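K.L.:
Take a look at run20.txt, compact mmCIF, C-alpha atoms and all ligand atoms:
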```txt
# COMPACT_ATOMS: atom_id res chain seq x y z
CA MET A 149 0.00 0.00 0.00
CA LYS A 150 1.36 3.43 -1.00
CA LYS A 151 1.63 6.34 1.39
CA ILE A 152 0.55 9.65 -0.14
CA SER A 153 1.04 13.11 1.36
CA VAL A 154 -1.17 15.95 0.18
CA LEU A 155 0.22 19.42 0.84
CA GLY A 156 -2.53 22.05 1.19
CA LEU A 157 -5.92 21.11 2.64
CA GLY A 158 -8.16 23.65 0.90
CA TYR A 159 -10.98 23.24 -1.60
CA ILE A 160 -8.91 20.86 -3.75
CA GLY A 161 -6.38 19.25 -1.41
CA LEU A 162 -8.84 18.12 1.25
CA PRO A 163 -11.38 16.42 -1.05
CA THR A 164 -8.52 14.83 -3.01
CA ALA A 165 -6.93 13.53 0.19
CA CYS A 166 -10.30 12.06 1.25
CA MET A 167 -10.86 10.43 -2.15
CA LEU A 168 -7.41 8.85 -2.04
CA ALA A 169 -7.90 7.66 1.53
CA ASN A 170 -11.26 6.14 0.65
CA SER A 171 -9.60 4.35 -2.27
CA GLY A 172 -7.29 2.46 0.07
CA PHE A 173 -4.17 4.64 0.22
CA GLU A 174 -2.61 5.70 3.50
CA VAL A 175 -2.93 9.49 3.31
CA LEU A 176 -1.31 12.30 5.25
CA GLY A 177 -2.89 15.73 4.73
CA VAL A 178 -0.57 18.61 5.58
CA ASP A 179 -1.43 22.27 6.05
CA ILE A 180 0.46 25.29 7.42
CA ASP A 181 -2.65 26.63 9.20
CA GLU A 182 -2.84 25.35 12.77
CA GLU A 183 -6.51 26.28 13.05
CA VAL A 184 -7.35 24.15 10.00
CA ILE A 185 -5.45 21.16 11.40
CA ASN A 186 -7.09 21.53 14.82
CA LYS A 187 -10.55 21.74 13.28
CA LEU A 188 -10.00 18.71 11.05
CA ASN A 189 -8.55 16.76 13.97
CA SER A 190 -11.74 17.45 15.90
CA GLU A 191 -13.70 16.10 12.92
CA ARG A 192 -14.96 19.51 11.77
CA LEU A 193 -14.57 21.02 8.32
CA HIS A 194 -13.17 24.51 7.66
CA ILE A 195 -14.81 24.78 4.23
CA GLU A 196 -18.35 24.27 2.96
CA GLU A 197 -18.81 21.96 0.03
CA PRO A 198 -21.61 19.48 -0.69
CA GLU A 199 -20.70 15.84 0.10
CA LEU A 200 -17.32 16.79 1.57
CA GLU A 201 -18.30 15.99 5.14
CA ARG A 202 -19.45 12.52 4.12
CA ILE A 203 -16.20 11.56 2.39
CA PHE A 204 -14.10 13.20 5.12
CA LEU A 205 -15.81 11.32 7.97
CA ASN A 206 -15.60 8.13 5.96
CA ALA A 207 -11.85 8.58 5.47
CA LEU A 208 -11.40 9.16 9.21
CA LYS A 209 -13.54 6.15 10.06
CA ASN A 210 -11.42 3.96 7.79
CA LYS A 211 -8.34 5.26 9.61
CA ARG A 212 -6.71 6.00 6.26
CA LEU A 213 -6.50 9.79 6.64
CA LYS A 214 -4.30 11.67 9.09
CA VAL A 215 -3.79 15.42 9.12
CA SER A 216 -0.79 17.28 10.46
CA LEU A 217 1.30 20.44 10.32
CA GLU A 218 4.36 18.31 9.58
CA LEU A 219 5.20 16.49 6.38
CA GLU A 220 6.53 12.92 6.62
CA LYS A 221 8.40 10.60 4.28
CA SER A 222 5.99 9.28 1.65
CA ASP A 223 5.93 7.42 -1.64
CA VAL A 224 3.93 10.17 -3.32
CA PHE A 225 3.69 13.93 -2.67
CA ILE A 226 0.79 15.93 -4.10
CA ILE A 227 0.99 19.74 -4.01
CA ALA A 228 -2.44 21.41 -3.84
CA VAL A 229 -1.61 24.84 -2.47
CA PRO A 230 -3.01 28.20 -3.64
CA THR A 231 -1.37 30.10 -6.50
CA PRO A 232 -2.81 33.62 -6.12
CA LEU A 233 -2.21 36.60 -8.36
CA ASN A 234 0.14 39.32 -7.18
CA HIS A 235 -0.32 43.07 -7.71
CA HIS A 236 1.47 42.92 -11.07
CA ASN A 237 -0.92 40.28 -12.45
CA LYS A 238 1.76 37.58 -12.06
CA ALA A 239 1.49 34.24 -10.30
CA ASP A 240 2.55 34.31 -6.68
CA LEU A 241 4.31 30.94 -6.43
CA ASN A 242 5.48 31.29 -2.83
CA TYR A 243 3.23 28.51 -1.54
CA VAL A 244 4.41 26.16 -4.31
CA ILE A 245 8.04 27.04 -3.56
CA SER A 246 7.57 26.43 0.13
CA ALA A 247 5.82 23.08 -0.51
CA ALA A 248 8.62 21.99 -2.87
CA ASN A 249 11.21 22.83 -0.21
CA LYS A 250 9.35 20.73 2.34
CA ILE A 251 9.22 17.82 -0.09
CA ALA A 252 12.94 18.24 -0.79
CA ASN A 253 13.55 17.53 2.92
CA LYS A 254 11.68 14.22 2.79
CA ILE A 255 11.97 12.89 -0.75
CA GLU A 256 13.81 9.64 -1.51
CA LYS A 257 14.79 7.90 -4.73
CA GLY A 258 11.81 6.39 -6.53
CA ASN A 259 9.21 8.76 -5.04
CA LEU A 260 6.64 10.61 -7.17
CA VAL A 261 5.90 14.36 -6.93
CA ILE A 262 2.67 15.72 -8.44
CA LEU A 263 1.73 19.38 -8.75
CA GLU A 264 -2.04 20.03 -8.86
CA SER A 265 -2.06 23.80 -8.26
CA THR A 266 -2.89 25.84 -11.36
CA SER A 267 0.39 27.42 -12.46
CA PRO A 268 2.06 29.18 -15.41
CA PRO A 269 3.56 26.76 -17.94
CA GLY A 270 7.01 25.61 -16.84
CA THR A 271 6.32 25.70 -13.09
CA THR A 272 6.46 21.94 -12.46
CA ARG A 273 9.79 21.51 -14.25
CA ASN A 274 11.51 24.82 -13.48
CA ILE A 275 10.26 25.59 -9.97
CA VAL A 276 9.33 22.28 -8.30
CA GLY A 277 11.88 20.15 -10.18
CA ASN A 278 14.73 22.62 -9.77
CA ILE A 279 14.14 23.14 -6.06
CA ILE A 280 14.27 19.39 -5.43
CA THR A 281 17.39 18.91 -7.54
CA LYS A 282 19.19 21.88 -6.00
CA SER A 283 18.62 20.80 -2.46
CA THR A 284 18.93 17.01 -2.81
CA GLY A 285 20.91 16.38 -5.97
CA LEU A 286 18.10 14.04 -7.11
CA LEU A 287 17.18 14.38 -10.78
CA ALA A 288 13.62 14.11 -12.05
CA LYS A 289 13.25 11.22 -14.54
CA LYS A 290 16.46 9.56 -13.32
CA ASP A 291 15.94 9.48 -9.52
CA TYR A 292 12.31 10.38 -8.94
CA TYR A 293 9.10 10.91 -10.90
CA LEU A 294 7.53 14.30 -11.59
CA ALA A 295 4.05 15.13 -12.95
CA PHE A 296 1.39 17.83 -13.26
CA CYS A 297 -2.24 16.81 -12.79
CA PRO A 298 -4.52 19.85 -12.74
CA GLU A 299 -7.76 19.90 -10.81
CA ARG A 300 -10.73 20.79 -13.04
CA VAL A 301 -13.59 20.69 -10.57
CA LEU A 302 -16.39 23.22 -10.16
CA PRO A 303 -16.85 24.74 -6.70
CA GLY A 304 -20.26 23.58 -5.47
CA LYS A 305 -19.80 20.24 -7.28
CA ILE A 306 -16.25 19.40 -6.28
CA VAL A 307 -16.81 15.91 -4.90
CA TYR A 308 -18.96 14.81 -7.82
CA GLU A 309 -16.60 16.26 -10.43
CA LEU A 310 -13.44 14.88 -8.75
CA GLU A 311 -14.82 11.45 -9.35
CA ASN A 312 -16.48 11.95 -12.71
CA ASN A 313 -14.42 14.47 -14.73
CA ASP A 314 -11.72 13.40 -17.16
CA ARG A 315 -8.15 14.20 -16.09
CA ILE A 316 -5.12 15.36 -18.05
CA VAL A 317 -1.83 14.13 -16.65
CA GLY A 318 1.46 15.64 -17.78
CA GLY A 319 4.66 13.79 -16.97
CA ILE A 320 8.30 14.81 -17.23
CA ASP A 321 8.51 11.42 -18.95
CA LYS A 322 6.10 8.67 -19.92
CA LYS A 323 6.72 6.64 -16.77
CA SER A 324 5.95 9.63 -14.49
CA ALA A 325 2.64 10.17 -16.30
CA GLU A 326 1.78 6.47 -16.13
CA ILE A 327 2.38 6.02 -12.42
CA THR A 328 0.39 9.19 -11.74
CA GLU A 329 -2.46 7.74 -13.79
CA ASP A 330 -2.27 4.53 -11.70
CA ILE A 331 -2.98 6.58 -8.58
CA TYR A 332 -5.82 8.75 -9.90
CA LYS A 333 -7.57 5.89 -11.64
CA LYS A 334 -8.28 4.41 -8.21
CA PHE A 335 -11.05 7.01 -7.76
CA VAL A 336 -11.55 8.78 -11.10
CA LYS A 337 -14.39 7.35 -13.17
CA GLY A 338 -13.69 9.72 -16.10
CA LYS A 339 -10.98 9.11 -18.69
CA ILE A 340 -7.34 9.95 -17.96
CA PHE A 341 -5.21 11.33 -20.80
CA LEU A 342 -1.42 11.39 -20.66
CA THR A 343 0.79 14.14 -22.10
CA ASP A 344 3.88 16.17 -21.22
CA LEU A 345 4.27 18.64 -18.34
CA GLU A 346 3.91 21.95 -20.15
CA THR A 347 0.97 20.80 -22.30
CA SER A 348 -1.03 19.77 -19.24
CA GLU A 349 -0.19 23.04 -17.47
CA PHE A 350 -1.34 24.95 -20.54
CA VAL A 351 -4.54 22.91 -21.02
CA LYS A 352 -5.74 23.89 -17.55
CA LEU A 353 -5.15 27.57 -18.25
CA ALA A 354 -6.71 27.35 -21.71
CA GLU A 355 -9.93 25.91 -20.25
CA ASN A 356 -10.46 28.72 -17.78
CA THR A 357 -9.35 31.38 -20.26
CA TYR A 358 -11.83 30.08 -22.83
CA ARG A 359 -14.59 30.56 -20.25
CA ASP A 360 -13.39 34.02 -19.31
CA ILE A 361 -13.33 35.15 -22.95
CA ASN A 362 -16.76 33.68 -23.60
CA ILE A 363 -18.20 35.52 -20.57
CA ALA A 364 -16.44 38.73 -21.69
CA PHE A 365 -18.12 38.34 -25.09
CA ALA A 366 -21.51 37.93 -23.38
CA ASN A 367 -20.81 40.98 -21.23
CA GLU A 368 -19.79 43.06 -24.23
CA LEU A 369 -22.92 41.95 -26.08
CA SER A 370 -24.99 43.04 -23.08
CA LEU A 371 -23.52 46.54 -23.27
CA ILE A 372 -24.04 46.78 -27.03
CA CYS A 373 -27.60 45.47 -26.69
CA ARG A 374 -28.26 48.28 -24.20
CA ASP A 375 -27.30 50.77 -26.92
CA TYR A 376 -29.89 49.20 -29.20
CA GLY A 377 -32.53 48.70 -26.52
CA ILE A 378 -32.49 44.94 -27.16
CA ASP A 379 -32.71 42.24 -24.45
CA VAL A 380 -29.35 40.46 -24.51
CA ARG A 381 -30.73 37.38 -22.75
CA GLU A 382 -33.21 36.84 -25.53
CA VAL A 383 -30.49 37.33 -28.15
CA ILE A 384 -28.25 34.74 -26.47
CA ARG A 385 -31.09 32.29 -25.97
CA TYR A 386 -31.94 32.35 -29.67
CA ALA A 387 -28.31 32.41 -30.83
CA ASN A 388 -27.58 29.34 -28.71
CA MET A 389 -30.25 27.41 -30.56
CA HIS A 390 -27.72 27.28 -33.42
CA PRO A 391 -25.91 23.93 -33.18
CA ARG A 392 -22.44 25.49 -33.13
CA VAL A 393 -23.05 28.51 -30.87
CA ASN A 394 -22.77 28.46 -27.08
CA ILE A 395 -22.57 31.94 -25.56
CA LEU A 396 -22.37 32.11 -21.77
CA ASN A 397 -24.30 34.53 -19.55
CA PRO A 398 -23.55 38.18 -19.02
CA GLY A 399 -23.33 39.16 -15.38
CA PRO A 400 -21.92 41.55 -12.81
CA GLY A 401 -18.32 40.37 -13.30
CA VAL A 402 -16.17 37.28 -13.01
CA GLY A 403 -15.01 36.30 -9.55
CA GLY A 404 -13.49 33.34 -7.76
CA HIS A 405 -9.90 32.28 -7.55
CA CYS A 406 -9.68 30.58 -10.95
CA ILE A 407 -11.28 32.22 -13.95
CA ALA A 408 -10.42 35.75 -12.86
CA ILE A 409 -6.77 34.73 -12.40
CA ASP A 410 -5.71 31.99 -14.78
CA PRO A 411 -5.83 34.06 -18.01
CA TRP A 412 -2.97 36.17 -16.60
CA PHE A 413 -0.92 32.99 -16.03
CA ILE A 414 -1.15 32.12 -19.73
CA LEU A 415 0.34 35.48 -20.63
CA GLU A 416 2.92 35.46 -17.86
CA ASN A 417 6.07 34.33 -19.66
CA THR A 418 5.28 35.59 -23.15
CA GLY A 419 5.54 39.38 -23.02
CA ARG A 420 2.69 39.55 -25.55
CA LYS A 421 0.70 42.77 -25.65
CA ASP A 422 -2.73 43.69 -26.92
CA THR A 423 -4.12 40.17 -26.57
CA LEU A 424 -7.74 39.07 -26.72
CA ILE A 425 -7.10 37.42 -23.35
CA GLU A 426 -6.12 40.68 -21.65
CA LYS A 427 -8.96 42.63 -23.28
CA SER A 428 -11.46 40.04 -22.07
CA ARG A 429 -10.08 40.25 -18.55
CA ASN A 430 -10.51 44.02 -18.67
CA ILE A 431 -14.10 43.78 -19.92
CA ASN A 432 -15.02 41.37 -17.13
CA ASN A 433 -13.21 43.50 -14.55
CA SER A 434 -15.15 46.57 -15.67
CA MET A 435 -18.57 44.98 -15.08
CA PRO A 436 -18.93 45.61 -11.32
CA TYR A 437 -18.07 49.28 -11.93
CA ILE A 438 -20.65 49.54 -14.71
CA ILE A 439 -23.31 47.91 -12.51
CA SER A 440 -22.43 50.23 -9.62
CA LYS A 441 -22.83 53.25 -11.89
CA LEU A 442 -26.26 52.09 -13.08
CA VAL A 443 -27.40 51.45 -9.51
CA ILE A 444 -26.14 54.84 -8.34
CA GLU A 445 -28.10 56.52 -11.17
CA ILE A 446 -31.30 54.86 -9.92
CA VAL A 447 -30.96 55.53 -6.19
CA ASN A 448 -29.27 58.92 -6.24
CA LYS A 449 -32.62 60.69 -6.48
CA TYR A 450 -33.56 59.45 -2.99
CA ASN A 451 -32.61 61.05 0.29
CA LYS A 452 -29.96 58.94 2.14
CA PRO A 453 -30.34 55.96 -0.20
CA LYS A 454 -30.00 52.38 0.95
CA VAL A 455 -29.17 49.42 -1.30
CA THR A 456 -29.51 45.75 -0.34
CA ILE A 457 -27.25 43.22 -2.04
CA PHE A 458 -28.75 39.74 -2.35
CA GLY A 459 -25.92 37.21 -2.61
CA PHE A 460 -22.36 38.28 -1.90
CA SER A 461 -20.38 35.20 -2.95
CA TYR A 462 -18.63 35.18 -6.33
CA LYS A 463 -21.36 32.97 -7.80
CA GLU A 464 -24.57 31.14 -6.98
CA ASN A 465 -24.91 28.48 -4.28
CA VAL A 466 -21.42 28.83 -2.78
CA GLY A 467 -20.32 30.80 0.28
CA ASP A 468 -16.95 31.78 -1.17
CA ILE A 469 -16.38 35.53 -1.51
CA ARG A 470 -12.80 35.39 -2.83
CA GLU A 471 -12.45 37.87 -5.71
CA SER A 472 -16.22 38.43 -5.60
CA PRO A 473 -17.10 41.47 -7.75
CA ALA A 474 -19.82 42.12 -5.15
CA ILE A 475 -17.05 43.49 -2.94
CA ILE A 476 -16.23 46.11 -5.58
CA ILE A 477 -19.92 47.04 -5.94
CA ASN A 478 -20.25 47.30 -2.16
CA ASN A 479 -17.23 49.61 -1.97
CA GLU A 480 -18.27 51.75 -4.94
CA LEU A 481 -21.72 52.36 -3.45
CA ILE A 482 -20.33 53.14 0.00
CA LYS A 483 -17.87 55.61 -1.59
CA LYS A 484 -20.91 57.52 -2.93
CA GLY A 485 -22.45 57.69 0.54
CA ILE A 486 -25.00 54.95 -0.11
CA LYS A 487 -25.88 52.69 2.79
CA VAL A 488 -25.37 49.04 1.84
CA SER A 489 -26.69 45.97 3.59
CA ILE A 490 -26.09 42.41 2.46
CA TYR A 491 -28.28 39.34 2.67
CA ASP A 492 -26.43 36.09 2.01
CA PRO A 493 -27.25 33.04 4.12
CA LEU A 494 -24.27 31.14 2.63
CA VAL A 495 -21.57 33.64 3.53
CA ILE A 496 -20.24 33.29 7.06
CA ASN A 497 -17.26 34.73 8.95
CA THR A 498 -16.81 37.92 7.02
CA LYS A 499 -16.05 41.53 7.91
CA TYR A 500 -18.82 42.70 5.57
CA ASN A 501 -22.19 43.93 6.78
CA ILE A 502 -24.27 40.75 6.43
CA SER A 503 -27.78 40.89 7.95
CA GLU A 504 -30.86 38.75 8.22
CA LEU A 505 -33.39 39.16 5.41
CA GLU A 506 -35.81 41.53 7.15
CA ASP A 507 -33.10 43.85 8.49
CA SER A 508 -31.35 43.93 5.16
CA VAL A 509 -34.42 45.04 3.18
CA ASN A 510 -35.95 47.29 5.82
CA GLY A 511 -36.11 50.87 4.42
CA SER A 512 -34.16 49.83 1.32
CA ASP A 513 -34.49 51.67 -2.01
CA LEU A 514 -33.12 48.96 -4.24
CA ILE A 515 -32.33 45.26 -4.13
CA LEU A 516 -29.31 44.29 -6.20
CA LEU A 517 -29.42 40.57 -6.98
CA PHE A 518 -25.74 39.66 -7.26
CA SER A 519 -25.56 35.87 -6.84
CA GLY A 520 -28.67 33.83 -7.52
CA HIS A 521 -28.66 31.26 -4.71
CA ASN A 522 -31.39 28.62 -4.93
CA ALA A 523 -32.42 29.63 -1.40
CA PHE A 524 -33.58 33.02 -2.75
CA LYS A 525 -36.37 31.26 -4.63
CA GLU A 526 -38.08 30.79 -1.23
CA ILE A 527 -38.00 34.48 -0.27
CA ASP A 528 -41.37 36.02 0.54
CA LEU A 529 -41.27 38.90 -1.95
CA ILE A 530 -44.51 40.45 -0.68
CA LEU A 531 -42.97 40.82 2.76
CA VAL A 532 -39.83 42.27 1.17
CA LEU A 533 -41.87 44.72 -0.89
CA ASP A 534 -43.68 45.81 2.24
CA LEU A 535 -40.47 46.56 4.12
CA MET A 536 -38.76 48.51 1.33
CA ARG A 537 -38.94 52.29 1.06
CA ASN A 538 -38.72 52.30 -2.76
CA LYS A 539 -39.50 49.18 -4.74
CA ASN A 540 -36.56 48.84 -7.14
CA ILE A 541 -34.86 45.59 -8.00
CA PHE A 542 -31.74 45.26 -10.17
CA ASP A 543 -31.39 41.67 -11.30
CA THR A 544 -27.84 41.11 -12.60
CA ARG A 545 -28.36 37.39 -13.25
CA ASN A 546 -31.82 37.26 -14.77
CA PHE A 547 -32.72 35.29 -11.65
CA PHE A 548 -36.24 36.59 -11.10
CA ASN A 549 -39.11 36.61 -13.54
CA LYS A 550 -39.54 40.21 -14.73
CA THR A 551 -43.29 39.96 -15.33
CA THR A 552 -43.95 38.38 -11.93
CA LEU A 553 -41.95 41.06 -10.13
CA GLU A 554 -43.60 43.88 -12.05
CA LYS A 555 -47.03 42.45 -11.23
CA LEU A 556 -46.06 42.44 -7.55
CA GLY A 557 -45.17 46.14 -7.83
CA PHE A 558 -41.39 46.19 -8.27
CA ASN A 559 -39.57 48.42 -10.76
CA TYR A 560 -37.45 45.81 -12.48
CA TYR A 561 -34.00 46.60 -13.95
CA ASN A 562 -31.41 44.31 -15.48
CA ILE A 563 -28.17 44.59 -17.46
N1 LIG B 1 -19.96 33.66 -14.71
C1 LIG B 1 -20.64 34.56 -15.52
N2 LIG B 1 -21.33 34.08 -16.59
C2 LIG B 1 -21.38 32.74 -16.86
C3 LIG B 1 -20.69 31.83 -16.05
C4 LIG B 1 -19.98 32.33 -14.98
O1 LIG B 1 -20.62 35.77 -15.30
O2 LIG B 1 -22.06 32.38 -17.83
C5 LIG B 1 -19.18 34.14 -13.57
C6 LIG B 1 -19.64 33.54 -12.24
O3 LIG B 1 -20.69 34.27 -11.69
C7 LIG B 1 -18.37 33.62 -11.42
C8 LIG B 1 -17.26 33.42 -12.45
O4 LIG B 1 -17.85 33.68 -13.70
O5 LIG B 1 -18.23 34.90 -10.84
C9 LIG B 1 -16.64 32.04 -12.46
O6 LIG B 1 -17.61 31.04 -12.21
P1 LIG B 1 -17.63 29.65 -12.98
O7 LIG B 1 -18.77 28.87 -12.48
O8 LIG B 1 -17.57 29.88 -14.44
O9 LIG B 1 -16.24 28.97 -12.62
P2 LIG B 1 -15.42 28.65 -11.25
O10 LIG B 1 -14.37 29.72 -11.12
O11 LIG B 1 -16.30 28.43 -10.11
O12 LIG B 1 -14.73 27.26 -11.67
C10 LIG B 1 -13.89 27.22 -12.82
C11 LIG B 1 -14.30 26.00 -13.67
N3 LIG B 1 -13.66 26.08 -14.98
C12 LIG B 1 -14.35 25.87 -16.13
O13 LIG B 1 -15.53 25.65 -16.15
C13 LIG B 1 -13.58 25.90 -17.40
C14 LIG B 1 -13.86 24.72 -12.96
O14 LIG B 1 -14.09 23.59 -13.78
C15 LIG B 1 -12.36 24.81 -12.60
O15 LIG B 1 -11.90 23.64 -11.96
C16 LIG B 1 -12.20 25.99 -11.66
O16 LIG B 1 -12.55 27.16 -12.40
C17 LIG B 1 -10.74 26.02 -11.21
O17 LIG B 1 -10.47 25.66 -10.05
O18 LIG B 1 -9.86 26.33 -12.02
```
Could you spell out this file's structure in structure tokens?
P.N.:
Amino acid sequence: MKKISVLGLGYIGLPTACMLANSGFEVLGVDIDEEVINKLNSERLHIEEPELERIFLNALKNKRLKVSLELEKSDVFIIAVPTPLNHHNKADLNYVISAANKIANKIEKGNLVILESTSPPGTTRNIVGNIITKSTGLLAKKDYYLAFCPERVLPGKIVYELENNDRIVGGIDKKSAEITEDIYKKFVKGKIFLTDLETSEFVKLAENTYRDINIAFANELSLICRDYGIDVREVIRYANMHPRVNILNPGPGVGGHCIAIDPWFILENTGRKDTLIEKSRNINNSMPYIISKLVIEIVNKYNKPKVTIFGFSYKENVGDIRESPAIIINNELIKKGIKVSIYDPLVINTKYNISELEDSVNGSDLILLFSGHNAFKEIDLILVLDLMRNKNIFDTRNFFNKTTLEKLGFNYYNI
């Protein structure tokens, strides 16, 4: 039986560690955050994700999963740490570097090192590989195996997609890719494709960049449709009936720690200027400012206006507010002296002004629907209408039915 260490117990590392443990491996999960380790050791999760608790408790019950602040000798090391964006739109690889150094202290001949964290092309070979060689003298290919195996799972469906999505494995050589495949195929029901390191790193970035550009196109269409007085949602709905057209949805901006970041990683080592990728990023980044401006235009006519944001997370049905464009909207409105209250039952432990439903809408002049959580379908809109001072609703996701809301007495706005 192989011993696998997973470095980084966040949204990807923890579910992956649980999956591996439930597939029969002896797994050590390692994290630098003492609070995370303490929580997990007392059988509590530090992140919310459907099905995660079930597989975590199962892994503990089977006594296959241990978590610790300290890394141990292992047959396989999987790096699943964050790769955030720095202020110059470059990858901050400090967590990867630190994980590689830890592995360098424990690695032995014949071990396998896998990077899962989304990274600019070349990171596995030039950062992880070089750190290990420099500090141990061990050479990838000759003395140990090295691979990149990107996660491709959707927050909100991580456990399901970990099991069911196809995987792309890049190896420094064929053998590295093959032994990585042997591990993942223990729990992955999708297909596993083998390629080289840089191709697999690039594939991951290309996927998220494709989505970002598609959303930017939808957002640009929404602005152009405004000029014409046409409903962009209807345009997209009809256009998508064409068998080779699939336009995504316009919205109040692209958030999260993947799609808003990865397009920059593609550009990182190229020096290319004036790219479609960068322009798309800029269009998506401009959306929360455009929405803020439209909202300000509506509420500015009121004395001491108040706006209520419904849904603060970066997208529907998750509690994650990392890179949420709602934060920008919140700040822009506050800058203009507008009072903002937030209703989001999924967001916990935040410094932002989150209230219960009734408090959040009491005396409000406008509801801004930012993320369309399923739970909002149950809201008693008549009660809400009653509590509001002015009955405006700005629906950035086409979440509500316009006719229904207008019949109830709302002034309905969208992008
Ligand atoms: N969004 C729109 N319009 C759309 C779809 C999304 O404005 O039509 C916005 C969302 O509201 C959100 C942002 O884009 O703010 C990103 O949401 P998402 O659901 O598109 O993606 P993520 O960031 O939650 O997950 C993505 C996924 N990548 C792809 O679908 C290609 C996931 O499979 C990746 O594993 C994940 O990034 C990751 O970790 O890289």
K.L.:
I'd like the contact shell of region 188-198 of chain A - 8 Å cut-off, only C-alpha atoms, skipping same-chain residues fewer than 3 positions apart - returned as a list in words.
P.N.:
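These residues fall inside the cut-off: Gly158, Tyr159, Val184, Ile185, Glu201, Leu205, Val215, Pro303, Gly304, Lys305, Ile306, Val307, Val466 and Gly467 of chain A.
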K.L.:
Set the cut-off to 6 Å, count only C-alpha atoms and all ligand atoms, and list whatever residues fall near ligand LIG 1 (chain B) as a PDB file with C-alpha atoms, in the coordinates of the input.
P.N.:
```pdb
ATOM      1  CA  GLU A 299      -7.760  19.900 -10.810  1.00  0.00           C
ATOM      2  CA  ARG A 300     -10.730  20.790 -13.040  1.00  0.00           C
ATOM      3  CA  VAL A 301     -13.590  20.690 -10.570  1.00  0.00           C
ATOM      4  CA  LEU A 302     -16.390  23.220 -10.160  1.00  0.00           C
ATOM      5  CA  PRO A 303     -16.850  24.740  -6.700  1.00  0.00           C
ATOM      6  CA  GLU A 355      -9.930  25.910 -20.250  1.00  0.00           C
ATOM      7  CA  ASN A 356     -10.460  28.720 -17.780  1.00  0.00           C
ATOM      8  CA  ARG A 359     -14.590  30.560 -20.250  1.00  0.00           C
ATOM      9  CA  ILE A 363     -18.200  35.520 -20.570  1.00  0.00           C
ATOM     10  CA  LEU A 396     -22.370  32.110 -21.770  1.00  0.00           C
ATOM     11  CA  ASN A 397     -24.300  34.530 -19.550  1.00  0.00           C
ATOM     12  CA  PRO A 398     -23.550  38.180 -19.020  1.00  0.00           C
ATOM     13  CA  GLY A 399     -23.330  39.160 -15.380  1.00  0.00           C
ATOM     14  CA  GLY A 401     -18.320  40.370 -13.300  1.00  0.00           C
ATOM     15  CA  VAL A 402     -16.170  37.280 -13.010  1.00  0.00           C
ATOM     16  CA  GLY A 403     -15.010  36.300  -9.550  1.00  0.00           C
ATOM     17  CA  GLY A 404     -13.490  33.340  -7.760  1.00  0.00           C
ATOM     18  CA  CYS A 406      -9.680  30.580 -10.950  1.00  0.00           C
ATOM     19  CA  ILE A 407     -11.280  32.220 -13.950  1.00  0.00           C
ATOM     20  CA  TYR A 462     -18.630  35.180  -6.330  1.00  0.00           C
ATOM     21  CA  LYS A 463     -21.360  32.970  -7.800  1.00  0.00           C
TER      22      LYS A 463
END
```
K.L.:
Hey, what's within 6 Å of region 507-521 of chain A if we count all atoms listed in the file and toss same-chain stuff fewer than 2 positions away? As a PDB file with C-alpha atoms, in the coordinates of the input, please?
P.N.:
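And here's around-v1.pdb as it stands now:
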```pdb
ATOM      1  CA  LYS A 454     -30.000  52.380   0.950  1.00  0.00           C
ATOM      2  CA  VAL A 455     -29.170  49.420  -1.300  1.00  0.00           C
ATOM      3  CA  THR A 456     -29.510  45.750  -0.340  1.00  0.00           C
ATOM      4  CA  ILE A 457     -27.250  43.220  -2.040  1.00  0.00           C
ATOM      5  CA  PHE A 458     -28.750  39.740  -2.350  1.00  0.00           C
ATOM      6  CA  GLY A 459     -25.920  37.210  -2.610  1.00  0.00           C
ATOM      7  CA  LYS A 463     -21.360  32.970  -7.800  1.00  0.00           C
ATOM      8  CA  GLU A 464     -24.570  31.140  -6.980  1.00  0.00           C
ATOM      9  CA  ASN A 465     -24.910  28.480  -4.280  1.00  0.00           C
ATOM     10  CA  SER A 489     -26.690  45.970   3.590  1.00  0.00           C
ATOM     11  CA  SER A 503     -27.780  40.890   7.950  1.00  0.00           C
ATOM     12  CA  GLU A 504     -30.860  38.750   8.220  1.00  0.00           C
ATOM     13  CA  LEU A 505     -33.390  39.160   5.410  1.00  0.00           C
ATOM     14  CA  ALA A 523     -32.420  29.630  -1.400  1.00  0.00           C
ATOM     15  CA  PHE A 524     -33.580  33.020  -2.750  1.00  0.00           C
ATOM     16  CA  LEU A 535     -40.470  46.560   4.120  1.00  0.00           C
ATOM     17  CA  MET A 536     -38.760  48.510   1.330  1.00  0.00           C
ATOM     18  CA  ARG A 537     -38.940  52.290   1.060  1.00  0.00           C
ATOM     19  CA  ASN A 538     -38.720  52.300  -2.760  1.00  0.00           C
ATOM     20  CA  ASN A 540     -36.560  48.840  -7.140  1.00  0.00           C
ATOM     21  CA  ILE A 541     -34.860  45.590  -8.000  1.00  0.00           C
ATOM     22  CA  PHE A 542     -31.740  45.260 -10.170  1.00  0.00           C
ATOM     23  CA  ASP A 543     -31.390  41.670 -11.300  1.00  0.00           C
ATOM     24  CA  THR A 544     -27.840  41.110 -12.600  1.00  0.00           C
ATOM     25  CA  PHE A 547     -32.720  35.290 -11.650  1.00  0.00           C
TER      26      PHE A 547
END
```
K.L.:
When you draw a straight line from CA of Ser267 (chain A) to CA of Tyr308 (chain A), how long is it in Å?
P.N.:
23.6 Å
K.L.:
Please list as a list of chain:residue names every residue within 10 Å of Leu155 (chain A), counting only C-alpha atoms and excluding residues in the same chain fewer than 2 positions away.
P.N.:
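Skipping anything fewer than 2 positions along the chain leaves A:Ile152, A:Ser153, A:Leu157, A:Gly158, A:Gly161, A:Leu162, A:Ala165, A:Leu176, A:Gly177, A:Val178, A:Asp179, A:Ile180, A:Ser216, A:Leu217, A:Glu218, A:Leu219, A:Phe225, A:Ile226, A:Ile227, A:Ala228, A:Val229, A:Tyr243, A:Val244, A:Ala247, A:Ala248, A:Lys250, A:Ile251, A:Leu263, A:Glu264.
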